[in-house]
$ cat final02.txt   # compact mmCIF, C-alpha atoms
# COMPACT_ATOMS: atom_id res chain seq x y z
CA MET A 1 72.93 79.45 10.45
CA ARG A 2 72.60 82.51 8.22
CA LYS A 3 73.91 84.73 11.07
CA LYS A 4 77.00 82.54 11.38
CA ARG A 5 77.63 82.71 7.63
CA ASN A 6 77.25 86.51 7.69
CA MET A 7 79.69 86.78 10.59
CA ALA A 8 82.19 84.53 8.81
CA LEU A 9 81.84 86.59 5.64
CA ALA A 10 82.42 89.80 7.60
CA LEU A 11 85.60 88.40 9.16
CA VAL A 12 86.87 87.32 5.73
CA LEU A 13 86.24 90.79 4.31
CA ILE A 14 88.03 92.42 7.25
CA SER A 15 90.98 90.06 6.79
CA ILE A 16 91.16 90.96 3.09
CA MET A 17 91.10 94.70 3.97
CA ILE A 18 93.92 94.22 6.47
CA VAL A 19 96.06 92.42 3.90
CA MET A 20 95.35 95.02 1.19
CA THR A 21 95.82 98.16 3.31
CA GLY A 22 98.53 97.05 5.72
CA CYS A 23 99.21 97.47 9.42
CA THR A 24 97.89 101.01 9.65
CA THR A 25 94.40 99.81 8.83
CA PHE A 26 94.67 97.00 11.34
CA ASP A 27 95.88 99.41 14.04
CA ASN A 28 93.00 101.74 13.33
CA PHE A 29 90.58 98.80 13.33
CA LYS A 30 91.96 97.55 16.62
CA GLU A 31 91.81 100.99 18.22
CA ALA A 32 88.24 101.60 17.02
CA PHE A 33 86.82 98.27 18.15
CA PHE A 34 88.87 97.21 21.14
CA SER A 35 90.51 100.20 22.89
CA GLU A 36 87.32 101.48 24.51
CA LYS A 37 87.12 98.37 26.68
CA GLY A 38 90.85 97.99 27.09
CA ALA A 39 93.64 100.21 28.24
CA ALA A 40 91.77 103.48 27.55
CA SER A 41 89.57 102.88 30.60
CA ASP A 42 92.67 103.01 32.77
CA THR A 43 93.50 106.59 31.75
CA VAL A 44 91.97 110.05 31.80
CA LYS A 45 92.67 111.92 28.58
CA ILE A 46 93.51 115.61 28.52
CA GLY A 47 93.59 117.21 25.10
CA ILE A 48 96.29 119.68 24.08
CA LEU A 49 95.25 121.87 21.18
CA GLU A 50 98.31 123.89 20.16
CA PRO A 51 100.28 124.99 17.08
CA GLN A 52 103.24 122.62 16.96
CA THR A 53 104.21 123.76 13.46
CA GLY A 54 103.80 127.00 11.54
CA ASN A 55 104.27 130.65 12.53
CA ASP A 56 102.87 130.27 16.05
CA SER A 57 104.69 127.07 16.94
CA GLU A 58 107.21 128.79 19.22
CA LYS A 59 104.46 130.25 21.40
CA GLY A 60 102.49 127.03 21.21
CA GLN A 61 105.48 125.09 22.47
CA MET A 62 105.80 127.46 25.42
CA GLU A 63 102.24 126.66 26.45
CA ILE A 64 102.84 122.95 25.91
CA GLU A 65 105.94 123.06 28.08
CA GLY A 66 103.96 124.50 30.99
CA ILE A 67 101.31 121.81 30.58
CA GLU A 68 103.93 119.07 30.47
CA LEU A 69 105.75 120.44 33.53
CA ALA A 70 102.46 120.27 35.43
CA TYR A 71 101.81 116.78 34.06
CA GLY A 72 105.18 115.70 35.46
CA ILE A 73 104.01 116.79 38.91
CA ALA A 74 100.37 115.68 38.73
CA GLY A 75 100.18 112.78 36.30
CA GLU A 76 97.24 111.03 37.93
CA VAL A 77 93.62 111.93 38.65
CA LEU A 78 90.70 109.89 40.02
CA GLY A 79 93.17 107.08 40.68
CA LYS A 80 94.05 106.81 36.98
CA LYS A 81 96.99 107.90 34.88
CA VAL A 82 96.56 111.02 32.79
CA GLU A 83 97.15 110.60 29.07
CA LEU A 84 98.03 113.74 27.11
CA VAL A 85 96.57 113.68 23.60
CA TYR A 86 97.83 116.27 21.12
CA ALA A 87 96.37 118.01 18.09
CA ASP A 88 98.47 120.34 15.92
CA THR A 89 96.60 123.39 14.56
CA GLN A 90 99.61 124.13 12.32
CA SER A 91 99.01 127.81 13.16
CA SER A 92 96.10 127.78 10.70
CA ILE A 93 92.41 128.51 11.24
CA TYR A 94 91.63 126.10 8.41
CA VAL A 95 93.59 123.20 9.92
CA ALA A 96 92.15 124.01 13.34
CA GLU A 97 88.75 122.58 12.43
CA SER A 98 90.13 119.13 11.66
CA ALA A 99 92.53 119.32 14.64
CA VAL A 100 89.62 119.97 17.01
CA ALA A 101 87.60 117.19 15.38
CA ASP A 102 90.52 114.80 15.93
CA LEU A 103 90.62 115.72 19.62
CA ILE A 104 86.87 115.27 19.99
CA ASP A 105 87.19 111.75 18.55
CA LYS A 106 89.71 110.94 21.30
CA LYS A 107 87.14 111.88 23.98
CA PRO A 108 89.27 114.01 26.31
CA ALA A 109 87.87 115.01 29.70
CA ILE A 110 89.09 118.54 29.06
CA VAL A 111 91.00 120.46 26.36
CA LEU A 112 93.79 122.99 26.99
CA GLY A 113 94.69 125.72 24.49
CA SER A 114 95.06 127.01 21.90
CA TYR A 115 97.57 129.74 21.30
CA GLY A 116 95.98 132.09 18.75
CA GLU A 117 92.69 133.97 18.98
CA ALA A 118 91.09 132.78 15.73
CA VAL A 119 91.99 129.15 16.34
CA SER A 120 90.54 129.30 19.85
CA LEU A 121 87.31 130.77 18.47
CA VAL A 122 87.02 127.79 16.13
CA ALA A 123 87.67 125.44 19.04
CA SER A 124 85.09 127.20 21.19
CA GLN A 125 82.34 126.67 18.63
CA LYS A 126 83.09 122.97 18.14
CA LEU A 127 83.84 121.99 21.74
CA GLY A 128 80.79 123.83 23.01
CA LYS A 129 78.51 121.76 20.77
CA VAL A 130 79.79 118.47 22.17
CA LYS A 131 80.04 119.84 25.73
CA ILE A 132 83.73 119.21 26.29
CA PRO A 133 85.19 121.71 28.80
CA ALA A 134 88.23 123.73 27.72
CA ILE A 135 90.67 126.24 29.18
CA ALA A 136 92.37 128.85 27.00
CA VAL A 137 95.92 129.54 28.15
CA THR A 138 96.82 132.91 26.61
CA ALA A 139 94.04 133.68 24.11
CA THR A 140 92.22 136.87 25.18
CA ASN A 141 89.33 137.34 22.73
CA PRO A 142 86.18 137.70 24.90
CA LEU A 143 84.02 135.81 22.38
CA ILE A 144 85.89 132.57 23.18
CA THR A 145 84.21 132.36 26.58
CA LYS A 146 81.18 134.57 25.97
CA ASN A 147 79.49 132.21 23.52
CA ASN A 148 80.44 128.95 25.24
CA GLU A 149 79.79 128.18 28.92
CA TYR A 150 82.23 125.25 28.64
CA TYR A 151 85.23 127.46 27.78
CA PHE A 152 87.34 129.18 30.45
CA ARG A 153 90.64 131.07 30.41
CA VAL A 154 93.55 131.62 32.83
CA THR A 155 94.85 134.88 31.36
CA PHE A 156 93.19 138.26 31.73
CA THR A 157 91.42 139.95 28.82
CA ASP A 158 92.65 142.93 26.81
CA ALA A 159 90.00 145.06 28.51
CA SER A 160 91.35 144.24 31.98
CA GLN A 161 94.94 144.74 30.85
CA GLY A 162 94.27 148.15 29.30
CA LYS A 163 92.60 149.40 32.47
CA ALA A 164 95.34 148.03 34.72
CA LEU A 165 98.11 149.74 32.76
CA ALA A 166 96.25 153.05 32.97
CA ASP A 167 95.99 152.52 36.73
CA TYR A 168 99.75 152.01 36.82
CA VAL A 169 100.40 155.26 34.94
CA PHE A 170 98.11 157.26 37.19
CA GLU A 171 98.65 155.65 40.59
CA GLU A 172 102.24 154.39 40.49
CA LEU A 173 103.91 156.82 38.09
CA GLY A 174 101.75 159.75 39.18
CA GLN A 175 101.09 160.87 35.61
CA THR A 176 97.89 162.56 34.41
CA LYS A 177 99.00 162.61 30.78
CA ALA A 178 100.17 159.72 28.63
CA GLY A 179 101.11 158.86 25.08
CA ILE A 180 100.17 155.91 22.89
CA ILE A 181 102.21 154.31 20.11
CA LYS A 182 100.42 151.67 18.01
CA MET A 183 100.54 150.23 14.52
CA LYS A 184 98.29 151.80 11.92
CA ASP A 185 95.26 149.68 10.98
CA GLU A 186 96.10 147.10 13.66
CA ASP A 187 92.75 145.77 14.88
CA THR A 188 94.08 143.21 17.36
CA THR A 189 95.21 145.94 19.78
CA SER A 190 92.16 148.20 19.43
CA GLU A 191 90.52 146.97 22.65
CA LEU A 192 93.74 147.46 24.62
CA VAL A 193 94.06 151.02 23.37
CA ARG A 194 90.37 151.79 23.88
CA GLN A 195 90.34 150.60 27.49
CA PHE A 196 93.64 152.31 28.34
CA THR A 197 92.34 155.58 26.90
CA ALA A 198 88.96 155.33 28.66
CA GLN A 199 90.52 154.49 32.02
CA MET A 200 92.99 157.40 31.80
CA ALA A 201 90.09 159.75 31.06
CA GLU A 202 88.11 158.41 34.02
CA LEU A 203 91.01 158.53 36.47
CA THR A 204 92.09 162.04 35.52
CA GLU A 205 88.58 163.35 34.76
CA ASP A 206 90.14 164.70 31.61
CA GLU A 207 89.13 163.64 28.10
CA THR A 208 92.46 164.98 26.79
CA SER A 209 94.63 162.82 29.07
CA ILE A 210 96.14 161.13 25.99
CA ALA A 211 98.43 163.97 24.98
CA ALA A 212 100.10 162.15 22.08
CA SER A 213 98.79 159.36 19.88
CA VAL A 214 101.12 157.94 17.25
CA GLN A 215 100.21 155.42 14.57
CA ILE A 216 103.15 153.77 12.84
CA ASP A 217 102.85 152.68 9.23
CA SER A 218 104.03 149.09 8.84
CA LYS A 219 106.13 150.10 5.83
CA THR A 220 108.02 152.86 7.61
CA LYS A 221 111.77 152.63 8.09
CA ASP A 222 112.41 155.94 9.83
CA TYR A 223 110.97 156.21 13.34
CA LYS A 224 112.41 159.63 14.10
CA GLU A 225 109.27 161.65 13.33
CA TYR A 226 107.15 159.42 15.56
CA ILE A 227 109.45 159.77 18.56
CA GLU A 228 109.77 163.51 17.99
CA LYS A 229 106.01 163.80 18.39
CA ILE A 230 106.19 161.94 21.68
CA LYS A 231 109.03 164.14 22.87
CA ALA A 232 107.20 167.33 21.93
CA SER A 233 104.12 166.30 23.92
CA GLY A 234 106.10 166.20 27.16
CA VAL A 235 104.51 162.94 28.36
CA LYS A 236 106.47 160.76 30.78
CA ALA A 237 104.55 157.53 30.15
CA VAL A 238 103.89 155.88 26.78
CA PHE A 239 101.74 152.80 26.24
CA MET A 240 103.04 150.70 23.31
CA PRO A 241 100.95 147.65 22.26
CA VAL A 242 103.38 146.80 19.46
CA SER A 243 105.67 143.88 18.66
CA LEU A 244 109.08 143.63 20.28
CA LYS A 245 110.64 144.07 16.84
CA THR A 246 108.93 147.45 16.55
CA ALA A 247 109.75 148.28 20.17
CA ASP A 248 113.44 147.69 19.42
CA LYS A 249 113.34 150.42 16.75
CA ILE A 250 111.44 152.79 19.01
CA PHE A 251 113.90 152.31 21.87
CA ALA A 252 116.83 152.91 19.53
CA GLU A 253 115.39 156.24 18.41
CA ALA A 254 114.39 157.23 21.94
CA GLU A 255 117.92 156.54 23.14
CA LYS A 256 119.35 158.78 20.42
CA MET A 257 117.07 161.60 21.62
CA GLY A 258 118.00 161.02 25.26
CA LEU A 259 114.45 160.21 26.39
CA THR A 260 115.53 158.58 29.63
CA ASP A 261 112.71 160.15 31.65
CA ILE A 262 109.90 158.37 29.77
CA THR A 263 108.55 154.98 30.87
CA PHE A 264 107.63 152.85 27.85
CA ILE A 265 104.90 150.39 28.83
CA GLY A 266 104.25 147.14 26.99
CA PRO A 267 101.49 144.50 27.05
CA LYS A 268 101.85 141.07 28.63
CA ASP A 269 103.06 139.67 25.29
CA TRP A 270 106.37 141.40 26.00
CA HIS A 271 106.91 139.44 29.19
CA ASN A 272 109.71 137.10 28.10
CA ASN A 273 113.48 136.94 27.84
CA ASP A 274 113.49 139.02 24.64
CA ILE A 275 112.42 142.16 26.52
CA VAL A 276 115.11 141.46 29.12
CA GLU A 277 117.66 141.47 26.29
CA LEU A 278 116.26 144.75 24.96
CA GLN A 279 116.52 146.33 28.41
CA ASN A 280 120.15 145.22 28.57
CA LYS A 281 120.68 146.69 25.11
CA TYR A 282 119.08 150.05 25.97
CA VAL A 283 120.21 150.53 29.54
CA GLY A 284 119.01 154.15 29.76
CA ILE A 285 115.48 153.42 28.58
CA LYS A 286 112.78 152.79 31.18
CA ILE A 287 110.64 149.74 30.35
CA ALA A 288 107.60 148.38 32.19
CA VAL A 289 105.48 145.42 31.13
CA ALA A 290 102.18 143.84 32.16
CA SER A 291 102.43 140.44 33.79
CA ASN A 292 100.11 137.57 34.71
CA PHE A 293 102.12 136.73 37.79
CA MET A 294 104.10 138.30 40.60
CA SER A 295 107.76 138.23 39.55
CA THR A 296 110.34 137.78 42.29
CA SER A 297 113.96 136.82 42.65
CA ALA A 298 114.93 133.19 43.27
CA GLU A 299 115.72 133.97 46.92
CA GLU A 300 112.12 135.04 47.56
CA THR A 301 110.41 131.92 46.24
CA ALA A 302 110.47 130.24 49.64
CA ASP A 303 107.63 132.53 50.70
CA LYS A 304 105.46 131.70 47.69
CA ASP A 305 102.73 129.08 47.42
CA ILE A 306 103.37 125.38 46.88
CA LEU A 307 102.48 125.30 43.18
CA TYR A 308 104.63 128.33 42.46
CA ASN A 309 107.62 126.67 44.11
CA GLN A 310 106.97 123.41 42.27
CA PHE A 311 106.75 125.22 38.96
CA ILE A 312 109.95 127.24 39.55
CA LYS A 313 111.85 124.12 40.62
CA ALA A 314 110.72 122.16 37.54
CA TYR A 315 111.35 125.04 35.14
CA LYS A 316 114.81 125.91 36.46
CA ALA A 317 115.82 122.26 36.36
CA LYS A 318 115.48 122.55 32.57
CA HIS A 319 116.43 126.17 31.91
CA GLY A 320 118.64 127.34 34.74
CA ASP A 321 118.05 130.91 35.89
CA SER A 322 116.30 132.16 32.75
CA GLU A 323 112.95 133.87 33.27
CA PRO A 324 109.93 131.64 32.54
CA PRO A 325 107.70 133.05 29.78
CA GLU A 326 104.09 133.83 30.66
CA GLU A 327 102.86 131.21 28.21
CA THR A 328 104.62 128.48 30.18
CA VAL A 329 103.45 129.67 33.59
CA LEU A 330 99.85 129.90 32.38
CA GLY A 331 100.02 126.50 30.66
CA PHE A 332 101.08 125.05 34.01
CA ASP A 333 98.11 126.63 35.80
CA ALA A 334 95.61 125.63 33.11
CA TYR A 335 96.57 121.97 33.55
CA MET A 336 96.49 122.14 37.35
CA ILE A 337 93.06 123.81 37.37
CA GLY A 338 91.80 121.17 34.95
CA ILE A 339 93.07 118.36 37.17
CA GLN A 340 91.50 119.96 40.23
CA ALA A 341 88.14 120.26 38.42
CA ILE A 342 88.16 116.60 37.33
CA GLU A 343 89.03 115.52 40.87
CA LYS A 344 86.32 117.74 42.33
CA ALA A 345 83.75 116.46 39.81
CA GLY A 346 84.70 112.88 40.63
CA SER A 347 84.04 112.12 37.00
CA ILE A 348 85.11 112.89 33.44
CA ASP A 349 81.55 113.79 32.48
CA GLY A 350 81.70 117.07 30.57
CA TYR A 351 78.83 118.73 32.42
CA LEU A 352 80.18 117.82 35.86
CA VAL A 353 83.72 118.97 35.01
CA LYS A 354 82.34 122.24 33.62
CA GLU A 355 80.38 122.83 36.82
CA ALA A 356 83.51 122.12 38.86
CA LEU A 357 85.46 124.63 36.78
CA LYS A 358 82.74 127.24 37.38
CA GLY A 359 83.28 126.66 41.10
CA THR A 360 87.01 127.46 40.88
CA SER A 361 87.68 130.10 43.51
CA HIS A 362 90.94 131.45 44.91
CA PHE A 363 93.02 128.78 43.18
CA ARG A 364 96.60 129.54 44.22
CA GLY A 365 98.57 128.70 41.10
CA ALA A 366 102.01 129.54 39.78
CA SER A 367 100.65 132.72 38.19
CA GLY A 368 98.83 133.82 41.33
CA GLU A 369 95.31 133.48 42.68
CA ILE A 370 92.64 132.68 40.10
CA SER A 371 88.84 132.56 40.35
CA PHE A 372 86.38 132.13 37.47
CA ASP A 373 83.31 134.30 37.10
CA GLU A 374 80.03 133.15 35.55
CA THR A 375 81.32 133.72 32.00
CA GLY A 376 84.53 131.73 32.48
CA GLU A 377 86.72 134.82 32.78
CA PRO A 378 89.38 134.87 35.50
CA THR A 379 89.37 137.39 38.28
CA LYS A 380 93.03 137.75 39.15
CA PRO A 381 95.56 140.46 39.93
CA ILE A 382 97.42 142.11 37.04
CA ASN A 383 101.02 142.98 37.81
CA VAL A 384 103.39 145.46 36.20
CA ASP A 385 107.09 144.56 36.10
CA ILE A 386 110.29 146.39 35.47
CA ILE A 387 113.62 144.72 34.73
CA LYS A 388 116.37 144.97 37.32
CA ASP A 389 119.70 143.18 37.11
CA GLY A 390 118.38 141.05 34.26
CA LYS A 391 115.30 139.89 36.22
CA PHE A 392 111.64 140.84 36.22
CA VAL A 393 110.58 142.59 39.41
CA SER A 394 106.93 143.40 40.09
CA VAL A 395 106.44 147.02 41.14
CA TYR A 396 102.66 147.40 40.96
CA THR A 397 99.57 145.22 41.27
CA ALA A 398 96.16 146.21 39.94
CA LYS A 399 93.13 144.29 41.20
$ encode --input "final02.txt" --output "structure tokens"
Amino acid sequence: MRKKRNMALALVLISIMIVMTGCTTFDNFKEAFFSEKGAASDTVKIGILEPQTGNDSEKGQMEIEGIELAYGIAGEVLGKKVELVYADTQSSIYVAESAVADLIDKKPAIVLGSYGEAVSLVASQKLGKVKIPAIAVTATNPLITKNNEYYFRVTFTDASQGKALADYVFEELGQTKAGIIKMKDEDTTSELVRQFTAQMAELTEDETSIAASVQIDSKTKDYKEYIEKIKASGVKAVFMPVSLKTADKIFAEAEKMGLTDITFIGPKDWHNNDIVELQNKYVGIKIAVASNFMSTSAEETADKDILYNQFIKAYKAKHGDSEPPEETVLGFDAYMIGIQAIEKAGSIDGYLVKEALKGTSHFRGASGEISFDETGEPTKPINVDIIKDGKFVSVYTAK
């Protein structure tokens, strides 16, 4: 009898709370107590951790678009519908903690993202503790995967990129000397520069293979003295891990000096339509850029793999002939690899999905062939593109 009275009292109290706090409370109450046994069992949740607002929202949206294009092609797994659940980091490391916590509460089988190194490091720490597998799309910090066996990535690291671009200078351009232009006190590119420098020294067996090293002060307005130093060195290849805004100013000065025999080489972050516009603006300047995938013309896509063709078809249906940004291509592959792992695991259990991800080998995605090593890093080719007739064309592949 007492149990019945207690139950009745509890229902009365809940009813009072619903009346006082409104529909939102009731919806939350309903979701908390009834959804687990209801419709949620008919779906497999995939978490999307991305900046949808703030300074990084543009890049975050590019990654989201790739994920959603893949979802449009493969919206089911294990005989259930996939449900995309989103969390906005707001481009902030401080908001990221609560965003990740929100995703964890939704119990996704896997999490994709996030754009931004610091945010992904926060996610790695939290997701690793609860053993939810995750795939970083474009974040390159090695600590994201190093300290968490549940975190993987589909883009190559800065170390791999730096080495590959040095290979391009030495093997493809035939140069034994190179220059470097970077921002002064810019720590985020230090690993790129270090690996490029080390690889050039190893390939040439010459510790002085970097004949010109220029550090640009962020407050500078006159780039002439920097480009004069490059010109005086006589190098024909210059590695520039700088923003496209800075690259624009460098190209303008180089064009004034007639430096049409130098190839200016940029990191994978350049690989978007903005660099195509800069090449059109500075027709006489030679530009090369690292790429996560083999770029080809539309006529050549018939010879590519199935997922590549599906991605291109879906992307061009929305954007016409514009070049897909790397963030979108990699977002597409991250989702497809996640779906494959869940299917292979035959379960949404975090441990089983993680083990399936570790077994990913020679996955033929839109960005090329991807395998994961024991630390969750991808082994994949790194391409170098030039821009011809307004399109990216791959001219070198480092493996």
$ closest_residue --input "final02.txt" --among "A:Gly162, A:Pro51, A:Pro133, A:Gly234" --to "Asn148 of chain A" --atoms "only C-alpha atoms"
A:Pro133
$ closest_residue --input "final02.txt" --among "A:Val77, A:Ile67, A:Leu49, A:Ile312" --to "Glu343 of chain A" --atoms "all atoms listed in the file"
A:Val77
$ closest_residue --input "final02.txt" --among "A:Ala201, A:Ile250, A:Met257, A:Ile48" --to "Gln175 of chain A" --atoms "all atoms listed in the file"
A:Ala201
$ atom_distance --input "final02.txt" --atom1 "atom CA of Thr53 of chain A" --atom2 "atom CA of Tyr94 of chain A"
13.8 Å
$ closest_residue --input "final02.txt" --among "A:Lys107, A:Lys182, A:His319, A:Lys80" --to "Met240 of chain A" --atoms "only C-alpha atoms"
A:Lys182
$ closest_residue --input "final02.txt" --among "A:Lys126, A:Val85, A:Ser209, A:Ala139" --to "Val100 of chain A" --atoms "all atoms listed in the file"
A:Lys126
$ closest_residue --input "final02.txt" --among "A:Gln195, A:Ser295, A:Thr260, A:Gln90" --to "Ala164 of chain A" --atoms "all atoms listed in the file"
A:Gln195
$ atom_distance --input "final02.txt" --atom1 "atom CA of Pro241 of chain A" --atom2 "atom CA of Gly66 of chain A"
24.9 Å
$ residues_around --input "final02.txt" --residues "segment 345-353 of chain A" --least-positions-apart "6" --cutoff "7 Å" --atoms "all atoms listed in the file" --output "PyMOL selection string"
chain A and resi 78+109+131-133
$ atom_distance --input "final02.txt" --atom1 "atom CA of Ser160 of chain A" --atom2 "atom CA of Phe196 of chain A"
9.1 Å
$ residues_around --input "final02.txt" --residues "Gly359 of chain A" --least-positions-apart "4" --cutoff "10 Å" --atoms "all atoms listed in the file" --output "JSON list (two decimals) with C-alpha atoms, in the coordinates of the input"
[["chain", "number", "residue", "atom", "x", "y", "z"],
["A", 341, "ALA", "CA", 88.14, 120.26, 38.42],
["A", 344, "LYS", "CA", 86.32, 117.74, 42.33],
["A", 353, "VAL", "CA", 83.72, 118.97, 35.01],
["A", 354, "LYS", "CA", 82.34, 122.24, 33.62],
["A", 355, "GLU", "CA", 80.38, 122.83, 36.82],
["A", 371, "SER", "CA", 88.84, 132.56, 40.35],
["A", 372, "PHE", "CA", 86.38, 132.13, 37.47],
["A", 373, "ASP", "CA", 83.31, 134.30, 37.10],
["A", 374, "GLU", "CA", 80.03, 133.15, 35.55]]
$ residues_around --input "final02.txt" --residues "Leu173 of chain A" --least-positions-apart "3" --cutoff "10 Å" --atoms "all atoms listed in the file" --output "PyMOL selection string"
chain A and resi 166-170+176+236-237+263+396
$ axis_aligned_box --input "final02.txt" --around "segment 344-362 of chain A" --padding-each-side "8 Å" --output "lines of an AutoDock Vina configuration file"
center_x = 84.9
center_y = 121.8
center_z = 37.7
size_x = 28.1
size_y = 35.3
size_z = 30.3
$ residues_near_point --input "final02.txt" --point "(99.9, 116.3, 31.7)" --cutoff "8 Å" --atoms "only C-alpha atoms" --output "list in words"
Ile46, Ile67, Glu68, Leu69, Ala70, Tyr71, Gly72, Ala74, Gly75, Val82, Glu83, Leu84 and Tyr335 of chain A
$ residues_around --input "final02.txt" --residues "Gly47 of chain A" --least-positions-apart "6" --cutoff "7 Å" --atoms "all atoms listed in the file" --output "compact mmCIF listing (two decimals) with C-alpha atoms, in the coordinates of the input"
# COMPACT_ATOMS: atom_id res chain seq x y z
CA LEU A 84 98.03 113.74 27.11
CA VAL A 85 96.57 113.68 23.60
CA TYR A 86 97.83 116.27 21.12
CA LEU A 103 90.62 115.72 19.62
CA PRO A 108 89.27 114.01 26.31
CA ILE A 110 89.09 118.54 29.06
CA VAL A 111 91.00 120.46 26.36
CA LEU A 112 93.79 122.99 26.99
$ residues_near_point --input "final02.txt" --point "(101.9, 142.1, 27.2)" --cutoff "8 Å" --atoms "only C-alpha atoms" --output "list in words"
Pro241, Gly266, Pro267, Lys268, Asp269, Trp270, His271, Val289, Ala290 and Ser291 of chain A
$ residues_around --input "final02.txt" --residues "Ile135 of chain A" --least-positions-apart "3" --cutoff "7 Å" --atoms "only C-alpha atoms" --output "ChimeraX atom specification"
/A:111-113,151-153,334
